[in-house]
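upload-v8.cif follows (mmCIF, C-alpha atoms):
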```
data_final
#
loop_
_atom_site.group_PDB
_atom_site.id
_atom_site.type_symbol
_atom_site.label_atom_id
_atom_site.label_comp_id
_atom_site.auth_asym_id
_atom_site.auth_seq_id
_atom_site.Cartn_x
_atom_site.Cartn_y
_atom_site.Cartn_z
ATOM 1 C CA MET A 152 -46.471 -53.512 52.259
ATOM 2 C CA THR A 153 -44.192 -50.732 53.496
ATOM 3 C CA ARG A 154 -43.250 -48.275 50.783
ATOM 4 C CA HIS A 155 -39.756 -46.830 50.548
ATOM 5 C CA PRO A 156 -38.509 -43.337 49.691
ATOM 6 C CA LEU A 157 -37.240 -43.338 46.122
ATOM 7 C CA ARG A 158 -34.728 -40.643 47.056
ATOM 8 C CA LEU A 159 -32.975 -42.974 49.493
ATOM 9 C CA ALA A 160 -32.893 -45.815 46.960
ATOM 10 C CA ILE A 161 -31.264 -43.480 44.423
ATOM 11 C CA LEU A 162 -28.735 -42.276 46.995
ATOM 12 C CA GLU A 163 -27.753 -45.880 47.737
ATOM 13 C CA ALA A 164 -27.477 -46.577 44.011
ATOM 14 C CA GLU A 165 -25.254 -43.517 43.617
ATOM 15 C CA ARG A 166 -23.023 -44.700 46.464
ATOM 16 C CA MET A 167 -22.618 -48.146 44.924
ATOM 17 C CA LEU A 168 -21.834 -46.737 41.487
ATOM 18 C CA ALA A 169 -19.323 -44.234 42.829
ATOM 19 C CA ALA A 170 -17.547 -47.006 44.735
ATOM 20 C CA ALA A 171 -17.334 -49.014 41.502
ATOM 21 C CA GLY A 172 -15.610 -46.117 39.698
ATOM 22 C CA VAL A 173 -18.512 -45.133 37.422
ATOM 23 C CA ASP A 174 -17.864 -41.637 36.075
ATOM 24 C CA SER A 175 -21.334 -40.166 36.582
ATOM 25 C CA PRO A 176 -22.847 -42.101 39.504
ATOM 26 C CA ARG A 177 -25.716 -39.718 40.237
ATOM 27 C CA VAL A 178 -26.825 -39.433 36.635
ATOM 28 C CA ASP A 179 -26.596 -43.181 36.113
ATOM 29 C CA ALA A 180 -28.490 -43.870 39.341
ATOM 30 C CA GLU A 181 -31.329 -41.603 38.244
ATOM 31 C CA LEU A 182 -31.418 -42.996 34.711
ATOM 32 C CA LEU A 183 -31.539 -46.551 36.045
ATOM 33 C CA ALA A 184 -34.356 -45.606 38.428
ATOM 34 C CA ALA A 185 -36.255 -44.013 35.559
ATOM 35 C CA HIS A 186 -35.692 -47.149 33.482
ATOM 36 C CA VAL A 187 -37.028 -49.425 36.218
ATOM 37 C CA LEU A 188 -40.064 -47.199 36.758
ATOM 38 C CA GLY A 189 -40.694 -46.678 33.050
ATOM 39 C CA VAL A 190 -40.771 -42.895 33.347
ATOM 40 C CA ALA A 191 -38.663 -39.979 32.158
ATOM 41 C CA ARG A 192 -35.824 -38.996 34.476
ATOM 42 C CA SER A 193 -37.431 -35.570 34.916
ATOM 43 C CA ARG A 194 -40.450 -37.209 36.559
ATOM 44 C CA LEU A 195 -38.510 -38.880 39.366
ATOM 45 C CA PRO A 196 -39.152 -36.003 41.841
ATOM 46 C CA LEU A 197 -42.875 -36.646 41.382
ATOM 47 C CA ILE A 198 -42.513 -40.213 42.740
ATOM 48 C CA PRO A 199 -41.672 -39.912 46.448
ATOM 49 C CA LEU A 200 -42.411 -43.512 47.474
ATOM 50 C CA VAL A 201 -42.008 -46.865 45.711
ATOM 51 C CA ASP A 202 -42.868 -50.457 46.547
ATOM 52 C CA PRO A 203 -40.181 -52.932 47.685
ATOM 53 C CA PRO A 204 -40.129 -54.760 44.301
ATOM 54 C CA VAL A 205 -39.065 -51.484 42.665
ATOM 55 C CA VAL A 206 -36.207 -51.086 45.138
ATOM 56 C CA ASP A 207 -35.150 -54.685 44.456
ATOM 57 C CA ALA A 208 -35.306 -54.164 40.693
ATOM 58 C CA LEU A 209 -33.248 -50.990 40.964
ATOM 59 C CA HIS A 210 -30.663 -52.771 43.093
ATOM 60 C CA LYS A 211 -30.387 -55.536 40.499
ATOM 61 C CA VAL A 212 -29.639 -53.179 37.590
ATOM 62 C CA VAL A 213 -27.272 -51.127 39.740
ATOM 63 C CA VAL A 214 -25.292 -54.280 40.494
ATOM 64 C CA GLN A 215 -25.063 -54.849 36.734
ATOM 65 C CA ARG A 216 -23.766 -51.319 36.258
ATOM 66 C CA THR A 217 -21.181 -51.714 39.027
ATOM 67 C CA SER A 218 -19.661 -54.525 36.949
ATOM 68 C CA ARG A 219 -19.143 -51.783 34.314
ATOM 69 C CA ILE A 220 -21.748 -53.061 31.885
ATOM 70 C CA PRO A 221 -22.621 -49.915 29.897
ATOM 71 C CA LEU A 222 -25.711 -48.092 31.062
ATOM 72 C CA GLN A 223 -27.101 -48.243 27.537
ATOM 73 C CA HIS A 224 -26.778 -52.031 27.419
ATOM 74 C CA ILE A 225 -28.876 -52.232 30.578
ATOM 75 C CA THR A 226 -31.560 -49.818 29.408
ATOM 76 C CA GLY A 227 -31.307 -50.954 25.772
ATOM 77 C CA THR A 228 -31.276 -47.432 24.394
ATOM 78 C CA ALA A 229 -29.002 -44.489 23.645
ATOM 79 C CA HIS A 230 -30.030 -40.960 22.723
ATOM 80 C CA LEU A 231 -28.825 -38.604 19.995
ATOM 81 C CA GLY A 232 -30.393 -35.631 18.308
ATOM 82 C CA GLY A 233 -33.763 -36.020 19.973
ATOM 83 C CA ILE A 234 -34.274 -39.686 19.109
ATOM 84 C CA ASP A 235 -33.855 -42.971 20.956
ATOM 85 C CA LEU A 236 -31.698 -45.665 19.391
ATOM 86 C CA GLU A 237 -31.639 -49.332 20.275
ATOM 87 C CA VAL A 238 -28.137 -50.510 21.157
ATOM 88 C CA GLY A 239 -26.521 -53.587 22.626
ATOM 89 C CA PRO A 240 -23.633 -56.004 22.145
ATOM 90 C CA GLY A 241 -22.009 -55.656 18.731
ATOM 91 C CA VAL A 242 -22.530 -51.951 18.135
ATOM 92 C CA PHE A 243 -20.773 -48.780 19.274
ATOM 93 C CA ILE A 244 -22.751 -46.717 21.771
ATOM 94 C CA PRO A 245 -23.249 -43.085 20.645
ATOM 95 C CA ARG A 246 -21.657 -40.566 23.023
ATOM 96 C CA PRO A 247 -23.099 -37.200 24.101
ATOM 97 C CA GLU A 248 -20.099 -35.428 22.529
ATOM 98 C CA THR A 249 -21.353 -36.435 19.083
ATOM 99 C CA GLU A 250 -24.331 -34.104 19.596
ATOM 100 C CA LEU A 251 -21.918 -31.227 18.915
ATOM 101 C CA LEU A 252 -20.904 -32.683 15.560
ATOM 102 C CA LEU A 253 -24.556 -33.244 14.673
ATOM 103 C CA GLU A 254 -25.581 -29.689 15.554
ATOM 104 C CA TRP A 255 -22.657 -28.254 13.588
ATOM 105 C CA GLY A 256 -23.607 -30.340 10.576
ATOM 106 C CA LEU A 257 -27.245 -29.269 10.714
ATOM 107 C CA SER A 258 -26.162 -25.632 10.946
ATOM 108 C CA THR A 259 -24.406 -25.917 7.572
ATOM 109 C CA LEU A 260 -27.594 -26.900 5.736
ATOM 110 C CA ASP A 261 -29.350 -23.932 4.165
ATOM 111 C CA LEU A 262 -32.754 -25.303 3.187
ATOM 112 C CA SER A 263 -33.724 -22.031 1.528
ATOM 113 C CA VAL A 264 -30.961 -22.663 -1.024
ATOM 114 C CA THR A 265 -30.984 -26.486 -1.052
ATOM 115 C CA PRO A 266 -34.393 -27.660 0.184
ATOM 116 C CA ALA A 267 -33.562 -31.357 -0.254
ATOM 117 C CA PRO A 268 -29.914 -31.750 0.811
ATOM 118 C CA VAL A 269 -27.942 -34.962 0.371
ATOM 119 C CA VAL A 270 -26.275 -36.094 3.589
ATOM 120 C CA VAL A 271 -23.876 -39.001 4.120
ATOM 121 C CA ASP A 272 -23.016 -40.628 7.452
ATOM 122 C CA LEU A 273 -19.810 -42.667 7.234
ATOM 123 C CA CYS A 274 -19.123 -45.422 9.815
ATOM 124 C CA THR A 275 -22.757 -45.139 10.890
ATOM 125 C CA GLY A 276 -22.733 -47.891 13.532
ATOM 126 C CA SER A 277 -26.200 -47.872 15.096
ATOM 127 C CA GLY A 278 -27.332 -45.373 12.446
ATOM 128 C CA ALA A 279 -27.201 -42.587 15.021
ATOM 129 C CA LEU A 280 -26.081 -39.578 12.992
ATOM 130 C CA ALA A 281 -27.962 -40.555 9.848
ATOM 131 C CA LEU A 282 -31.238 -41.148 11.678
ATOM 132 C CA ALA A 283 -30.857 -37.980 13.738
ATOM 133 C CA VAL A 284 -30.404 -35.946 10.546
ATOM 134 C CA ALA A 285 -33.423 -37.598 8.924
ATOM 135 C CA HIS A 286 -35.451 -36.823 12.046
ATOM 136 C CA ARG A 287 -34.427 -33.174 12.129
ATOM 137 C CA VAL A 288 -34.409 -32.529 8.363
ATOM 138 C CA PRO A 289 -37.251 -34.577 6.822
ATOM 139 C CA SER A 290 -36.525 -33.254 3.330
ATOM 140 C CA ALA A 291 -32.959 -34.597 3.347
ATOM 141 C CA SER A 292 -31.825 -37.628 1.374
ATOM 142 C CA VAL A 293 -29.661 -39.444 3.915
ATOM 143 C CA HIS A 294 -27.202 -42.242 3.168
ATOM 144 C CA ALA A 295 -25.350 -44.253 5.808
ATOM 145 C CA VAL A 296 -22.374 -46.599 5.344
ATOM 146 C CA GLU A 297 -21.292 -49.419 7.652
ATOM 147 C CA ARG A 298 -19.068 -52.429 6.976
ATOM 148 C CA ASP A 299 -19.641 -54.468 10.157
ATOM 149 C CA HIS A 300 -22.548 -56.899 9.807
ATOM 150 C CA ALA A 301 -23.526 -56.798 13.483
ATOM 151 C CA ALA A 302 -23.573 -53.007 13.573
ATOM 152 C CA LEU A 303 -25.479 -52.900 10.291
ATOM 153 C CA ALA A 304 -28.165 -55.106 11.807
ATOM 154 C CA TRP A 305 -28.599 -52.600 14.632
ATOM 155 C CA ALA A 306 -28.746 -49.741 12.115
ATOM 156 C CA ARG A 307 -31.440 -51.547 10.123
ATOM 157 C CA ARG A 308 -33.455 -52.134 13.293
ATOM 158 C CA ASN A 309 -33.212 -48.484 14.271
ATOM 159 C CA ALA A 310 -34.065 -47.364 10.742
ATOM 160 C CA GLU A 311 -37.216 -49.490 10.828
ATOM 161 C CA ILE A 312 -38.195 -48.064 14.200
ATOM 162 C CA ARG A 313 -37.674 -44.468 13.099
ATOM 163 C CA GLY A 314 -39.491 -45.113 9.841
ATOM 164 C CA GLY A 315 -42.390 -46.521 11.822
ATOM 165 C CA ALA A 316 -42.389 -43.353 13.913
ATOM 166 C CA GLY A 317 -42.830 -41.284 10.751
ATOM 167 C CA ASP A 318 -39.271 -40.151 10.044
ATOM 168 C CA THR A 319 -38.007 -40.006 6.468
ATOM 169 C CA PRO A 320 -36.387 -43.353 5.565
ATOM 170 C CA ILE A 321 -32.614 -43.422 5.149
ATOM 171 C CA THR A 322 -30.592 -45.513 2.679
ATOM 172 C CA LEU A 323 -28.222 -47.969 4.354
ATOM 173 C CA HIS A 324 -25.166 -49.205 2.484
ATOM 174 C CA ALA A 325 -23.136 -52.252 3.468
ATOM 175 C CA GLY A 326 -19.733 -50.915 2.532
ATOM 176 C CA ASP A 327 -16.224 -50.064 3.640
ATOM 177 C CA VAL A 328 -15.261 -46.380 3.757
ATOM 178 C CA THR A 329 -11.677 -47.369 2.898
ATOM 179 C CA ALA A 330 -12.772 -48.904 -0.435
ATOM 180 C CA PRO A 331 -11.898 -46.645 -3.404
ATOM 181 C CA ASP A 332 -15.309 -46.986 -5.067
ATOM 182 C CA VAL A 333 -17.664 -46.712 -2.092
ATOM 183 C CA LEU A 334 -20.674 -44.474 -2.888
ATOM 184 C CA SER A 335 -19.184 -43.611 -6.271
ATOM 185 C CA ASP A 336 -22.672 -42.857 -7.616
ATOM 186 C CA LEU A 337 -22.822 -39.877 -5.235
ATOM 187 C CA ASP A 338 -19.543 -38.275 -6.318
ATOM 188 C CA GLY A 339 -19.809 -34.489 -6.291
ATOM 189 C CA GLN A 340 -23.451 -34.505 -5.146
ATOM 190 C CA VAL A 341 -23.285 -34.439 -1.348
ATOM 191 C CA ASP A 342 -24.060 -31.384 0.778
ATOM 192 C CA LEU A 343 -22.853 -32.766 4.106
ATOM 193 C CA VAL A 344 -20.590 -35.627 5.158
ATOM 194 C CA LEU A 345 -20.554 -36.589 8.832
ATOM 195 C CA CYS A 346 -18.341 -39.260 10.349
ATOM 196 C CA ASN A 347 -17.706 -40.650 13.813
ATOM 197 C CA PRO A 348 -15.014 -43.172 12.853
ATOM 198 C CA PRO A 349 -12.800 -45.464 14.920
ATOM 199 C CA TYR A 350 -10.119 -42.998 16.019
ATOM 200 C CA VAL A 351 -8.582 -44.079 19.330
ATOM 201 C CA PRO A 352 -4.845 -44.873 19.016
ATOM 202 C CA ASP A 353 -4.276 -48.590 19.571
ATOM 203 C CA ALA A 354 -2.136 -48.235 22.703
ATOM 204 C CA THR A 355 -4.656 -46.031 24.544
ATOM 205 C CA GLU A 356 -6.088 -47.387 27.788
ATOM 206 C CA VAL A 357 -9.866 -47.097 27.788
ATOM 207 C CA GLN A 358 -12.555 -47.602 30.398
ATOM 208 C CA PRO A 359 -14.007 -51.103 30.960
ATOM 209 C CA GLU A 360 -17.287 -50.083 29.326
ATOM 210 C CA VAL A 361 -15.359 -49.474 26.112
ATOM 211 C CA ALA A 362 -12.693 -52.168 26.372
ATOM 212 C CA ASP A 363 -15.122 -54.966 27.242
ATOM 213 C CA HIS A 364 -18.294 -53.973 25.418
ATOM 214 C CA ASP A 365 -17.762 -51.621 22.457
ATOM 215 C CA PRO A 366 -16.603 -53.463 19.302
ATOM 216 C CA ARG A 367 -12.852 -52.984 19.028
ATOM 217 C CA GLN A 368 -13.050 -52.207 15.316
ATOM 218 C CA ALA A 369 -15.415 -49.311 16.087
ATOM 219 C CA VAL A 370 -13.064 -47.766 18.653
ATOM 220 C CA PHE A 371 -9.418 -48.160 17.665
ATOM 221 C CA GLY A 372 -7.952 -46.631 14.517
ATOM 222 C CA GLY A 373 -4.388 -47.897 14.269
ATOM 223 C CA ALA A 374 -1.149 -46.773 15.884
ATOM 224 C CA ASP A 375 -1.979 -43.071 15.587
ATOM 225 C CA GLY A 376 -5.759 -43.512 15.420
ATOM 226 C CA LEU A 377 -5.870 -42.073 11.901
ATOM 227 C CA ASP A 378 -6.029 -45.198 9.728
ATOM 228 C CA VAL A 379 -9.723 -44.785 8.878
ATOM 229 C CA ILE A 380 -9.779 -40.995 9.064
ATOM 230 C CA ARG A 381 -7.216 -40.734 6.253
ATOM 231 C CA HIS A 382 -9.605 -42.607 3.957
ATOM 232 C CA VAL A 383 -12.600 -40.597 5.181
ATOM 233 C CA VAL A 384 -10.900 -37.331 4.229
ATOM 234 C CA THR A 385 -10.211 -38.641 0.709
ATOM 235 C CA LEU A 386 -13.764 -39.942 0.385
ATOM 236 C CA ALA A 387 -15.321 -36.710 1.615
ATOM 237 C CA ALA A 388 -13.316 -34.681 -0.909
ATOM 238 C CA ARG A 389 -14.714 -36.930 -3.640
ATOM 239 C CA LEU A 390 -18.332 -36.929 -2.448
ATOM 240 C CA LEU A 391 -18.839 -33.257 -1.635
ATOM 241 C CA LYS A 392 -20.216 -30.799 -4.123
ATOM 242 C CA PRO A 393 -18.835 -27.246 -4.156
ATOM 243 C CA GLY A 394 -19.952 -25.587 -0.947
ATOM 244 C CA GLY A 395 -20.556 -28.926 0.764
ATOM 245 C CA HIS A 396 -19.224 -29.531 4.270
ATOM 246 C CA VAL A 397 -17.511 -32.370 6.124
ATOM 247 C CA GLY A 398 -17.261 -32.947 9.876
ATOM 248 C CA ILE A 399 -15.159 -35.723 11.419
ATOM 249 C CA GLU A 400 -15.088 -36.588 15.120
ATOM 250 C CA HIS A 401 -11.634 -37.417 16.474
ATOM 251 C CA ASP A 402 -9.613 -38.181 19.594
ATOM 252 C CA ASP A 403 -8.668 -35.280 21.835
ATOM 253 C CA THR A 404 -5.021 -35.860 20.897
ATOM 254 C CA GLN A 405 -5.778 -35.255 17.206
ATOM 255 C CA GLY A 406 -6.749 -31.587 17.280
ATOM 256 C CA GLU A 407 -3.860 -30.756 14.957
ATOM 257 C CA SER A 408 -3.405 -33.950 12.936
ATOM 258 C CA VAL A 409 -6.967 -34.285 11.612
ATOM 259 C CA PRO A 410 -7.237 -30.629 10.503
ATOM 260 C CA ALA A 411 -3.851 -31.093 8.828
ATOM 261 C CA LEU A 412 -5.198 -34.054 6.852
ATOM 262 C CA LEU A 413 -8.158 -31.961 5.718
ATOM 263 C CA ALA A 414 -5.988 -28.972 4.834
ATOM 264 C CA ALA A 415 -3.727 -31.200 2.727
ATOM 265 C CA ARG A 416 -6.623 -31.701 0.287
ATOM 266 C CA ARG A 417 -6.494 -28.702 -2.029
ATOM 267 C CA VAL A 418 -10.241 -28.795 -2.697
ATOM 268 C CA LEU A 419 -11.044 -28.471 1.009
ATOM 269 C CA THR A 420 -11.028 -25.016 2.582
ATOM 270 C CA ASP A 421 -12.171 -23.318 5.791
ATOM 271 C CA VAL A 422 -10.570 -26.053 7.878
ATOM 272 C CA ALA A 423 -11.301 -25.702 11.583
ATOM 273 C CA ASP A 424 -11.213 -27.735 14.764
ATOM 274 C CA HIS A 425 -13.897 -27.658 17.447
ATOM 275 C CA ALA A 426 -13.773 -28.375 21.165
ATOM 276 C CA ASP A 427 -16.299 -30.287 23.235
ATOM 277 C CA LEU A 428 -17.977 -28.885 26.348
ATOM 278 C CA ALA A 429 -14.935 -29.842 28.432
ATOM 279 C CA GLY A 430 -12.663 -27.826 26.148
ATOM 280 C CA ARG A 431 -11.063 -30.876 24.512
ATOM 281 C CA ALA A 432 -10.444 -31.013 20.769
ATOM 282 C CA ARG A 433 -13.323 -33.126 19.453
ATOM 283 C CA PHE A 434 -14.109 -32.734 15.731
ATOM 284 C CA ALA A 435 -12.649 -31.140 12.627
ATOM 285 C CA THR A 436 -14.539 -29.538 9.763
ATOM 286 C CA ALA A 437 -13.945 -28.251 6.257
ATOM 287 C CA CYS A 438 -15.790 -27.029 3.184
ATOM 288 C CA ARG A 439 -15.280 -28.046 -0.432
ATOM 289 C CA ALA A 440 -14.250 -24.934 -2.361
ATOM 290 C CA CYS A 441 -16.211 -22.627 -0.088
ATOM 291 C CA LEU A 442 -16.629 -19.052 -1.130
ATOM 292 C CA PRO A 443 -15.631 -16.472 1.475
ATOM 293 C CA ARG A 444 -18.496 -15.731 3.811
ATOM 294 C CA SER A 445 -19.848 -12.206 3.936
#
```

Would you kindly transcribe this structure into structure tokens?
Amino acid sequence: MTRHPLRLAILEAERMLAAAGVDSPRVDAELLAAHVLGVARSRLPLIPLVDPPVVDALHKVVVQRTSRIPLQHITGTAHLGGIDLEVGPGVFIPRPETELLLEWGLSTLDLSVTPAPVVVDLCTGSGALALAVAHRVPSASVHAVERDHAALAWARRNAEIRGGAGDTPITLHAGDVTAPDVLSDLDGQVDLVLCNPPYVPDATEVQPEVADHDPRQAVFGGADGLDVIRHVVTLAARLLKPGGHVGIEHDDTQGESVPALLAARRVLTDVADHADLAGRARFATACRACLPRS
């Protein structure tokens, strides 16, 4: 059996993906090759030659990706905050940009002052932010809210997996963040609220991976994209204790409107907006009655 250079198979995969309009053809080609081989992407240079069945298997998954099936639906996993999450039809796929919101949120937790912080993830979807926080801050009490039954099933599956891996269990709530009494037992007790809500304005054209595979209710947020965010701001103001922080991911067209919603709440101070690595407005933050920092 003649073996084939893996490098050439990846180059052909990259060519096919680029022709199909995939945004990151080289990265996707390498991740698909790593998936087929069952190794980390970083180990691909250590595998110069592969057998013909591997080339065939790679070609098969590349063809799937050229039809704009999300990479994560093919591999079955997404990554956030150092953990793998199972994803598939019926749940929003976490994006790399959300890492920035996560890292900001973790930076607000001072464990020397509050060794067991209370953290809430609103619109949790696959459980990504909540489980990433529990993984990084084992002492935290983490609550996650999701109203969609399909997404909640994915969150439960991921919570079981992470619990089995030794992470601190999270508390999942089947609830609607727009309901006036959601999480009322946590009023004034929360150190950090994180939220990656549906925020895309309804008329926005999105890529096929989003339009055809992400649940619509997890992507679009009304005419201006703010329908859910308005409720999240109100809920965060109610949940946070003095000195607690809130971070909300938003569309890159909402770099002024979301901070304005936060600033309109008199109990929220230190309102700021943050850009992603491409310089686009990406998430807004605030503090409940923060004291001036020294």

Seminar exercise, completed: Across A:Thr319, A:Gln340, A:Thr329, A:Gln368, the smallest distance to Val384 (chain A), with only C-alpha atoms counted, is shown by A:Thr329

For this session: Return the single residue from A:His401, A:Pro320, A:Asp332, A:Val212 that is closest to Val351 (chain A), with distances computed using only C-alpha atoms.
Result: A:His401

Exercise. Could you write out as a PyMOL selection string the residues that the PyMOL selection byres ((chain A and resi 303) around 12) matches in the shown file?
Worked result: chain A and resi 238+241-243+274-279+295-302+304-310+322-327

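Here CA of Gln215 (chain A) and CA of Arg166 (chain A) stand 14.2 Å from one another.
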
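For Leu157 (chain A), the residues within 6 Å (counting only C-alpha atoms, excluding itself and residues fewer than 5 positions away along the chain) are Pro199, Leu200 and Val201 of chain A.
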
For this session: Just give me the gap between CA of Arg246 (chain A) and CA of Ala429 (chain A) in Å, one decimal is fine.
Result: 13.8 Å

Problem set entry | Residue neighbourhood Gln223 (chain A), 8 Å, only C-alpha atoms, exclusion window fewer than 3 positions, as a VMD selection string | chain A and resid 226 to 229 238 to 239 244

Problem set entry | CA of Arg381 (chain A) to CA of Leu280 (chain A), distance in Å rounded to a single decimal |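 The value is 20.1 Å.
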
Residues of region 277-349 of chain A within 8 Å of region 385-399 of chain A: nearest atom pair and distance (Å, one decimal) for each, counting all atoms listed in the file, sorted by chain and number, as CSV?
```
residue,atom,partner,partner_atom,distance
A:Val328,CA,A:Leu386,CA,7.4
A:Pro331,CA,A:Leu386,CA,7.9
A:Leu334,CA,A:Leu390,CA,7.9
A:Ser335,CA,A:Leu390,CA,7.7
A:Leu337,CA,A:Leu390,CA,6.1
A:Asp338,CA,A:Leu390,CA,4.3
A:Gly339,CA,A:Lys392,CA,4.3
A:Gln340,CA,A:Lys392,CA,5.0
A:Val341,CA,A:Leu391,CA,4.6
A:Asp342,CA,A:Gly395,CA,4.3
A:Leu343,CA,A:His396,CA,4.9
A:Val344,CA,A:Val397,CA,4.6
A:Leu345,CA,A:Gly398,CA,5.0
A:Cys346,CA,A:Ile399,CA,4.9
A:Asn347,CA,A:Ile399,CA,6.0
A:Pro348,CA,A:Ile399,CA,7.6
```

Problem set entry | Counting all atoms listed in the file, the residue of A:Glu248, A:Glu311, A:Asp235, A:Asp261 that sits nearest Ala283 (chain A) |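 Among A:Glu248, A:Glu311, A:Asp235, A:Asp261, it is A:Asp235 that comes nearest to Ala283 (chain A).
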
Exercise. Using the chain letters and numbers from the file, which residues does the PyMOL selection byres ((chain A and resi 438) around 6) grab, as a VMD selection string?
Worked result: chain A and resid 395 to 396 419 to 421 437 439 441

Seminar exercise, completed: Restricting to all atoms listed in the file, whichever of A:Leu222, A:Ile321, A:Leu412, A:Ala169 is closest to Val288 (chain A) is A:Ile321

For this session: Please evaluate the PyMOL selection byres ((chain A and resi 284) around 9) against the structure above and give the resulting residues as a list in words.
Result: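 Against this file, the PyMOL selection byres ((chain A and resi 284) around 9) returns the residues Gly232, Leu253, Gly256, Leu257, Val270, Ala279, Leu280, Ala281, Leu282, Ala283, Ala285, His286, Arg287, Val288, Pro289, Ala291 and Val293 of chain A.
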
Exercise. Using only C-alpha atoms, can you list as a count of residues only the residues within 7 Å of (-29.4, -49.5, 46.3)?
Worked result: 6

Problem set entry | Residue nearest Arg219 (chain A) - candidates A:Val271, A:Val333, A:Val190, A:Ala362, atoms counted: only C-alpha atoms |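 Smallest separation from Arg219 (chain A) among the options: A:Ala362.
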
Exercise. Within 9 Å of Asp375 (chain A), counting all atoms listed in the file, which residues qualify if same-chain residues fewer than 6 places away don't, as a list in words?
Worked result: Tyr350, Val351, Pro352, Asp353, Ala354 and Gln405 of chain A

Around all listed atoms of region 189-200 of chain A, padded 4 Å per side, what centre and edge lengths does the axis-aligned box have in Å to one decimal, as AutoDock Vina command-line options?
```
--center_x -39.3 --center_y -41.1 --center_z 39.8 --size_x 15.1 --size_y 19.1 --size_z 23.3
```

Problem set entry | Within-12 Å shell of (-12.1, -46.9, 30.8) in input frame, all atoms listed in the file, as a list in words |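 Looking at atoms near the point gives Gly172, Val173, Asp174, Arg219, Ile220, Pro221, Thr355, Glu356, Val357, Gln358, Pro359, Glu360, Val361, Ala362, Asp363, His364 and Asp365 of chain A.
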